[in-house]
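A.B. asks: Pasting input-v9.txt below, which is compact mmCIF, C-alpha atoms.
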# COMPACT_ATOMS: atom_id res chain seq x y z
CA MET A 30 -12.09 11.30 -42.66
CA LEU A 31 -10.23 14.21 -41.17
CA SER A 32 -7.27 15.79 -42.85
CA ALA A 33 -4.76 18.42 -41.79
CA THR A 34 -6.57 21.01 -43.92
CA HIS A 35 -10.01 20.33 -42.48
CA ARG A 36 -11.50 21.99 -39.42
CA PRO A 37 -10.60 19.82 -36.35
CA LEU A 38 -13.35 17.44 -35.31
CA PHE A 39 -13.96 19.14 -31.95
CA ASN A 40 -12.94 22.71 -32.70
CA MET A 41 -14.71 25.19 -30.41
CA PRO A 42 -14.07 28.75 -29.20
CA LYS A 43 -11.27 29.23 -26.67
CA THR A 44 -13.79 30.47 -24.12
CA GLU A 45 -15.60 27.13 -23.96
CA ALA A 46 -16.55 25.75 -20.53
CA SER A 47 -14.49 23.11 -18.80
CA PRO A 48 -17.12 20.30 -19.20
CA ASP A 49 -17.02 20.85 -22.98
CA LEU A 50 -13.26 20.62 -22.95
CA GLN A 51 -13.46 17.43 -20.92
CA GLN A 52 -15.85 15.91 -23.44
CA GLN A 53 -13.62 16.89 -26.35
CA ALA A 54 -10.47 15.65 -24.63
CA ILE A 55 -12.08 12.27 -23.91
CA GLU A 56 -13.22 11.91 -27.51
CA TRP A 57 -9.69 12.64 -28.65
CA ILE A 58 -8.35 10.06 -26.19
CA LEU A 59 -10.75 7.48 -27.63
CA ARG A 60 -9.84 8.32 -31.21
CA LEU A 61 -6.07 8.27 -30.57
CA ASP A 62 -6.42 4.96 -28.73
CA SER A 63 -8.15 3.39 -31.71
CA ALA A 64 -6.19 1.27 -34.17
CA ALA A 65 -8.17 3.01 -36.95
CA CYS A 66 -6.80 6.46 -36.08
CA THR A 67 -5.22 8.04 -39.19
CA PRO A 68 -2.18 10.32 -39.48
CA GLU A 69 -4.52 13.13 -40.55
CA GLU A 70 -6.55 12.74 -37.38
CA ARG A 71 -3.42 12.81 -35.25
CA GLN A 72 -2.42 16.05 -36.95
CA ALA A 73 -5.90 17.46 -36.28
CA PHE A 74 -5.47 16.52 -32.62
CA ARG A 75 -2.16 18.38 -32.42
CA GLU A 76 -3.85 21.45 -33.88
CA TRP A 77 -6.67 21.18 -31.34
CA LEU A 78 -4.18 20.78 -28.49
CA ALA A 79 -2.17 23.81 -29.59
CA GLN A 80 -5.16 26.16 -29.24
CA GLY A 81 -4.75 26.80 -25.52
CA GLU A 82 -3.10 25.81 -22.25
CA ASP A 83 -6.50 24.79 -20.79
CA ARG A 84 -6.82 22.11 -23.46
CA GLN A 85 -3.31 20.83 -22.75
CA ARG A 86 -3.89 20.74 -19.01
CA ILE A 87 -7.26 18.96 -19.21
CA TYR A 88 -6.00 16.50 -21.81
CA ARG A 89 -2.98 15.60 -19.65
CA GLN A 90 -5.19 15.09 -16.60
CA LEU A 91 -7.69 12.88 -18.41
CA ALA A 92 -5.01 10.95 -20.29
CA ASP A 93 -3.42 10.10 -16.96
CA LYS A 94 -6.78 8.89 -15.59
CA TRP A 95 -7.30 6.92 -18.79
CA ARG A 96 -4.03 5.05 -18.35
CA LYS A 97 -5.03 4.13 -14.82
CA LEU A 98 -8.28 2.64 -16.14
CA ASP A 99 -6.37 -0.06 -18.04
CA ARG A 100 -6.17 -2.27 -14.96
CA PHE A 101 -9.95 -2.10 -14.46
CA LYS A 102 -11.15 -2.90 -18.00
CA GLY A 103 -13.08 -6.12 -18.02
CA GLY A 104 -13.23 -6.20 -14.22
CA ASP A 105 -16.35 -6.20 -12.11
CA PHE A 106 -16.72 -3.44 -9.54
CA PRO A 107 -19.55 -1.04 -8.55
CA VAL A 108 -18.28 1.96 -10.49
CA ARG A 109 -18.00 -0.03 -13.70
CA ARG A 110 -21.49 -1.47 -13.28
CA GLN A 111 -22.81 2.07 -12.98
CA ALA A 112 -20.95 2.99 -16.15
CA LEU A 113 -22.51 0.04 -18.00
CA SER A 114 -25.94 1.50 -17.31
CA TYR A 115 -24.96 4.86 -18.84
CA ARG A 116 -25.69 5.41 -22.54
CA PRO A 117 -23.35 7.77 -24.42
CA PRO A 118 -25.29 10.49 -26.27
CA ARG A 119 -23.15 10.50 -29.42
CA LYS A 120 -23.29 7.82 -32.09
CA ARG A 121 -19.63 8.44 -32.64
CA LEU A 122 -18.84 6.95 -29.22
CA ARG A 123 -20.93 3.82 -29.78
CA ARG A 124 -18.36 2.54 -32.26
CA PHE A 125 -15.92 2.19 -29.36
CA THR A 126 -18.17 0.42 -26.87
CA GLU A 127 -15.71 -0.66 -24.20
CA LEU A 128 -13.65 2.50 -24.48
CA ALA A 129 -16.75 4.67 -24.45
CA LEU A 130 -17.95 3.05 -21.25
CA ALA A 131 -14.73 4.09 -19.58
CA ALA A 132 -15.12 7.60 -20.98
CA CYS A 133 -18.61 7.81 -19.54
CA LEU A 134 -17.10 6.64 -16.30
CA LEU A 135 -14.89 9.71 -16.31
CA LEU A 136 -17.63 12.13 -17.33
CA GLY A 137 -20.81 10.70 -15.85
CA LEU A 138 -19.33 9.72 -12.49
CA GLY A 139 -16.79 12.52 -12.37
CA VAL A 140 -13.07 12.63 -12.83
CA GLY A 141 -12.77 12.80 -9.04
CA THR A 142 -13.86 9.16 -8.85
CA PHE A 143 -10.32 8.24 -9.80
CA SER A 144 -8.64 10.89 -7.67
CA GLU A 145 -6.90 10.08 -4.39
CA GLN A 146 -10.26 10.50 -2.64
CA GLY A 147 -12.19 8.37 -5.16
CA TRP A 148 -12.42 4.72 -6.19
CA TYR A 149 -8.88 4.47 -7.49
CA GLY A 150 -7.47 6.15 -4.42
CA HIS A 151 -3.87 6.63 -3.40
CA ARG A 152 -1.18 3.93 -3.44
CA SER A 153 2.15 4.17 -1.65
CA HIS A 154 5.07 1.84 -1.01
CA TYR A 155 7.25 2.20 2.09
CA VAL A 156 10.54 0.50 2.98
CA THR A 157 12.74 1.01 6.04
CA GLU A 158 16.32 -0.23 6.24
CA ARG A 159 17.85 -2.01 9.22
CA GLY A 160 18.17 0.39 12.10
CA ASP A 161 15.67 2.88 10.65
CA ARG A 162 12.18 3.94 11.70
CA GLN A 163 9.56 5.83 9.75
CA THR A 164 6.24 7.46 10.60
CA VAL A 165 3.45 7.78 8.03
CA GLN A 166 0.66 10.23 8.84
CA LEU A 167 -2.60 9.79 6.91
CA ALA A 168 -4.94 12.65 6.04
CA ASP A 169 -7.70 11.21 8.27
CA GLY A 170 -5.49 11.37 11.36
CA SER A 171 -4.39 7.72 11.31
CA ARG A 172 -0.72 7.02 11.90
CA LEU A 173 1.61 4.18 10.90
CA ASP A 174 4.92 3.64 12.75
CA LEU A 175 7.30 1.37 10.85
CA SER A 176 10.16 -0.38 12.62
CA GLY A 177 13.47 -1.33 10.99
CA ASP A 178 13.67 -3.70 8.00
CA THR A 179 9.98 -3.27 7.21
CA GLU A 180 8.17 -3.15 3.89
CA LEU A 181 4.51 -2.41 3.25
CA ASN A 182 2.06 -1.20 0.62
CA LEU A 183 -0.64 1.34 1.49
CA ARG A 184 -3.84 2.07 -0.41
CA VAL A 185 -6.43 4.62 0.69
CA ASN A 186 -9.61 5.45 -1.22
CA ARG A 187 -13.11 6.64 -0.40
CA TRP A 188 -14.33 3.26 0.82
CA ARG A 189 -11.37 1.53 2.42
CA ARG A 190 -7.95 1.97 3.99
CA SER A 191 -5.78 -1.05 3.25
CA VAL A 192 -2.21 -2.05 4.15
CA GLU A 193 -0.20 -5.03 2.93
CA LEU A 194 2.58 -5.76 5.41
CA ILE A 195 5.18 -7.68 3.41
CA LYS A 196 7.80 -7.99 6.15
CA GLY A 197 8.84 -6.41 9.42
CA GLU A 198 6.65 -4.70 11.98
CA ALA A 199 4.31 -1.72 12.12
CA PHE A 200 2.18 -0.09 14.78
CA PHE A 201 -1.18 1.32 13.68
CA SER A 202 -3.07 4.15 15.39
CA VAL A 203 -6.33 4.21 13.47
CA ALA A 204 -8.84 7.06 13.34
CA HIS A 205 -12.39 5.77 13.78
CA ASN A 206 -14.48 5.77 10.58
CA PRO A 207 -17.05 2.96 10.18
CA GLN A 208 -17.66 4.05 6.58
CA GLN A 209 -13.99 3.51 5.71
CA PRO A 210 -12.71 0.31 7.38
CA PHE A 211 -9.01 -0.15 8.01
CA GLU A 212 -7.45 -3.53 7.22
CA VAL A 213 -3.95 -5.00 7.29
CA LYS A 214 -3.07 -8.01 5.15
CA ALA A 215 -0.17 -9.96 6.61
CA GLY A 216 0.92 -13.48 5.75
CA ASN A 217 -2.15 -15.63 5.15
CA GLY A 218 -4.56 -13.43 7.10
CA THR A 219 -6.25 -10.05 7.37
CA ILE A 220 -6.57 -7.85 10.45
CA VAL A 221 -9.71 -5.67 10.32
CA ASP A 222 -10.09 -2.62 12.54
CA ILE A 223 -12.43 0.37 12.78
CA GLY A 224 -10.55 2.55 15.26
CA THR A 225 -7.90 1.41 17.72
CA GLN A 226 -4.18 0.88 18.29
CA PHE A 227 -2.51 -2.37 17.38
CA ASP A 228 0.82 -3.86 16.31
CA VAL A 229 1.47 -6.39 13.53
CA LYS A 230 4.76 -8.24 13.08
CA VAL A 231 5.74 -10.62 10.26
CA GLN A 232 8.74 -12.77 11.11
CA ASN A 233 9.86 -16.34 10.37
CA ARG A 234 6.63 -17.15 8.51
CA GLN A 235 4.66 -16.15 11.61
CA VAL A 236 2.37 -13.17 12.18
CA ALA A 237 1.82 -11.68 15.63
CA VAL A 238 -1.00 -9.21 16.33
CA ALA A 239 -1.02 -7.23 19.59
CA VAL A 240 -3.84 -4.84 20.54
CA LEU A 241 -3.27 -1.92 22.89
CA GLU A 242 -6.68 -0.25 22.58
CA GLY A 243 -10.02 -1.24 21.06
CA VAL A 244 -10.84 -4.45 19.20
CA VAL A 245 -9.61 -5.99 15.96
CA LYS A 246 -10.83 -8.99 14.02
CA VAL A 247 -8.27 -11.44 12.65
CA GLU A 248 -9.48 -13.40 9.61
CA THR A 249 -7.55 -16.33 8.20
CA ASN A 250 -8.66 -19.99 8.23
CA GLY A 251 -11.09 -18.87 10.92
CA SER A 252 -12.06 -15.59 12.51
CA ARG A 253 -11.24 -14.29 16.00
CA GLU A 254 -11.61 -11.00 17.81
CA ILE A 255 -8.87 -9.78 20.12
CA LYS A 256 -9.20 -6.94 22.60
CA ALA A 257 -6.90 -4.55 24.43
CA ASN A 258 -3.78 -6.17 25.95
CA GLN A 259 -4.33 -9.40 24.02
CA VAL A 260 -1.99 -11.05 21.49
CA LEU A 261 -2.78 -13.57 18.74
CA ASN A 262 -0.39 -15.41 16.40
CA TYR A 263 -1.04 -17.35 13.20
CA ASP A 264 1.29 -19.33 10.96
CA SER A 265 1.80 -19.39 7.19
CA GLN A 266 -1.06 -21.90 6.86
CA GLY A 267 -3.47 -19.56 8.63
CA ASN A 268 -3.62 -21.62 11.83
CA PHE A 269 -4.08 -19.69 15.08
CA GLN A 270 -1.49 -20.14 17.81
CA ASP A 271 -1.07 -18.94 21.36
CA SER A 272 1.53 -16.20 21.75
CA PRO A 273 4.34 -16.37 24.32
CA ASP A 274 4.58 -12.57 24.33
CA SER A 275 2.44 -9.89 25.95
CA SER A 276 1.18 -6.84 24.09
CA ALA A 277 3.47 -4.66 26.25
CA ASN A 278 6.52 -6.71 25.23
CA LEU A 279 5.64 -6.71 21.53
CA THR A 280 5.18 -2.94 21.44
CA ALA A 281 8.20 -2.12 23.64
CA TRP A 282 10.13 -1.08 20.50
CA LEU A 283 7.95 2.05 20.39
CA ARG A 284 9.50 2.99 23.76
CA GLY A 285 13.03 2.26 22.58
CA GLN A 286 13.25 -1.18 24.19
CA LEU A 287 13.23 -4.84 23.24
CA VAL A 288 11.83 -7.22 25.86
CA PHE A 289 12.42 -10.98 25.68
CA GLU A 290 11.04 -13.65 27.97
CA ASN A 291 12.54 -17.11 27.51
CA ARG A 292 13.05 -16.54 23.77
CA ARG A 293 15.35 -18.58 21.52
CA LEU A 294 18.72 -16.97 20.87
CA ASP A 295 18.32 -17.06 17.07
CA GLU A 296 14.98 -15.22 17.37
CA VAL A 297 16.55 -12.60 19.63
CA LEU A 298 19.41 -12.04 17.17
CA ASN A 299 16.96 -11.69 14.27
CA GLU A 300 15.05 -9.09 16.27
CA LEU A 301 18.21 -7.15 17.16
CA GLU A 302 19.27 -7.13 13.50
CA ARG A 303 16.14 -5.23 12.49
CA PHE A 304 17.26 -2.28 14.57
CA HIS A 305 20.97 -2.28 13.72
CA ASP A 306 23.03 -2.37 10.54
CA THR A 307 25.06 -5.29 11.86
CA ARG A 308 24.91 -8.92 10.79
CA LEU A 309 24.65 -11.25 13.82
CA THR A 310 25.70 -14.85 13.16
CA LEU A 311 25.90 -18.05 15.21
CA ALA A 312 29.10 -20.03 14.65
CA ASP A 313 27.39 -23.17 15.94
CA PRO A 314 23.73 -23.79 14.89
CA SER A 315 23.11 -25.66 18.15
CA LEU A 316 23.38 -22.31 19.98
CA ALA A 317 20.10 -21.23 18.43
CA LYS A 318 18.07 -23.10 21.05
CA LEU A 319 19.59 -21.28 24.01
CA LYS A 320 17.01 -19.11 25.79
CA VAL A 321 17.29 -15.37 26.44
CA SER A 322 15.40 -13.20 28.92
CA GLY A 323 15.94 -9.50 29.50
CA THR A 324 15.20 -5.92 28.51
CA PHE A 325 17.57 -4.28 26.05
CA HIS A 326 17.82 -0.70 24.84
CA ILE A 327 17.37 -0.62 21.06
CA GLY A 328 20.16 1.90 20.54
CA ASN A 329 22.78 -0.10 22.46
CA LEU A 330 23.67 -3.22 20.50
CA ASP A 331 27.00 -3.74 22.28
CA GLY A 332 25.22 -3.64 25.62
CA ALA A 333 22.72 -6.28 24.48
CA LEU A 334 25.48 -8.57 23.17
CA ASN A 335 27.47 -8.17 26.38
CA VAL A 336 24.43 -9.21 28.46
CA ILE A 337 23.92 -12.24 26.21
CA ALA A 338 27.60 -13.20 26.59
CA MET A 339 27.36 -12.84 30.39
CA THR A 340 24.24 -15.00 30.73
CA LEU A 341 24.89 -17.64 28.06
CA PRO A 342 27.95 -19.80 27.26
CA VAL A 343 28.99 -17.69 24.26
CA ASN A 344 31.69 -15.20 23.31
CA ILE A 345 31.28 -12.28 20.91
CA GLN A 346 33.77 -11.90 18.06
CA ARG A 347 34.02 -9.06 15.51
CA PRO A 348 35.47 -10.60 12.32
CA ALA A 349 34.77 -7.46 10.24
CA PRO A 350 32.99 -4.10 10.48
CA GLY A 351 29.23 -4.58 10.54
CA GLN A 352 29.52 -8.21 11.68
CA ALA A 353 29.31 -9.99 15.03
CA LEU A 354 29.91 -13.71 15.46
CA LEU A 355 28.67 -15.63 18.51
CA VAL A 356 30.84 -18.67 19.29
CA ARG A 357 30.45 -21.30 21.98
CA ARG A 358 32.52 -20.66 25.07
Transcribe the structure of this file into structure tokens.
C.D. replies:
Amino acid sequence: MLSATHRPLFNMPKTEASPDLQQQAIEWILRLDSAACTPEERQAFREWLAQGEDRQRIYRQLADKWRKLDRFKGGDFPVRRQALSYRPPRKRLRRFTELALAACLLLGLGVGTFSEQGWYGHRSHYVTERGDRQTVQLADGSRLDLSGDTELNLRVNRWRRSVELIKGEAFFSVAHNPQQPFEVKAGNGTIVDIGTQFDVKVQNRQVAVAVLEGVVKVETNGSREIKANQVLNYDSQGNFQDSPDSSANLTAWLRGQLVFENRRLDEVLNELERFHDTRLTLADPSLAKLKVSGTFHIGNLDGALNVIAMTLPVNIQRPAPGQALLVRR
């Protein structure tokens, strides 16, 4: 057993090489993570850590990677299977079998495996408010354009680029890389692409996919490929449906326009709300079925409402700032 007066378990000269420091830091991580770790050993660790900034830096880096490994313990994935085939050289590590396997994962496969370019990869969460837009540029040249009231999760690692579109709409310009497929999970389906431009919108429990260039595969209850200038919808049950919109209409928001062809009034109002910080309400639910056709400029909400009032039997009221009420005329 170590004590505060004994030489630290992994004490080495300050000029030691980085791989040696990595090995020592990992062994300390294993020991400190063990329920059998004593107060004397913790004191010995503090003495080891105080011997140089290199030790502190490497320990912090590996401790951070170690915390990220928690979600993978007990899982089954290629990197872990490789680690299971690795045999730690020290008997000391064999006493902590599951922990040691993860340590070997860090050393034998390289700390970079869990960097932003490795297996763990990079995770990001993006949210746009009503009336906002955001552009996300990826290191590989791919680009994500998020419309208003949109939320998505992004994960990029060495083997895959993956997006979860929770709500709203995003346009994807994907850099071609067959070794690193790009996929978008939306609703009850997945859109798989290897290098093209396409739009995905989640609204009213429906998902619409519009392709401008290239080909994407949509996988849900079945699997379909859609090509340039084609649109495919599917519902919350994963059933494919024909789309009433064209790809040009669905992506008009990128050009600062909203284009509607014989669309229900409630759907049009929901769409307008995504691009403006104004709540649009129908005083009479029966108005929802009225149909709207026209091209509106995204930045001109008053103009869009005036056109709707001119072409439909409704009046526009402003009961409070940030609110517009449509009543039957």
A.B. asks: Which of these, A:Glu56, A:Val203, A:Ala73, A:Gly81, has the shortest distance to A:Gln166 once you count all atoms listed in the file?
C.D. replies: A:Val203
A.B. asks: What gap, in Å, lies between atom CA of A:Gln346 and atom CA of A:Thr179?
C.D. replies: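 Spanning atom CA of A:Gln346 to atom CA of A:Thr179 is a straight-line distance of 27.5 Å.
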A.B. asks: Enclose all atoms of stretch 249-265 of chain A listed in the file in an axis-aligned box, grow every side by 6 Å, and hand back centre and edge lengths in Å to one decimal, as AutoDock Vina command-line options.
C.D. replies:
--center_x -5.1 --center_y -12.3 --center_z 16.6 --size_x 25.9 --size_y 27.4 --size_z 30.8
A.B. asks: Would you mind reading off the distance between atom CA of A:Thr219 and atom CA of A:Arg184, one decimal, in Å?
C.D. replies: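 Atom-to-atom, atom CA of A:Thr219 to atom CA of A:Arg184, that is 14.6 Å.
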A.B. asks: Could you state the separation of atom CA of A:Leu181 and atom CA of A:Lys196 in Å, given to one decimal place?
C.D. replies: 7.1 Å
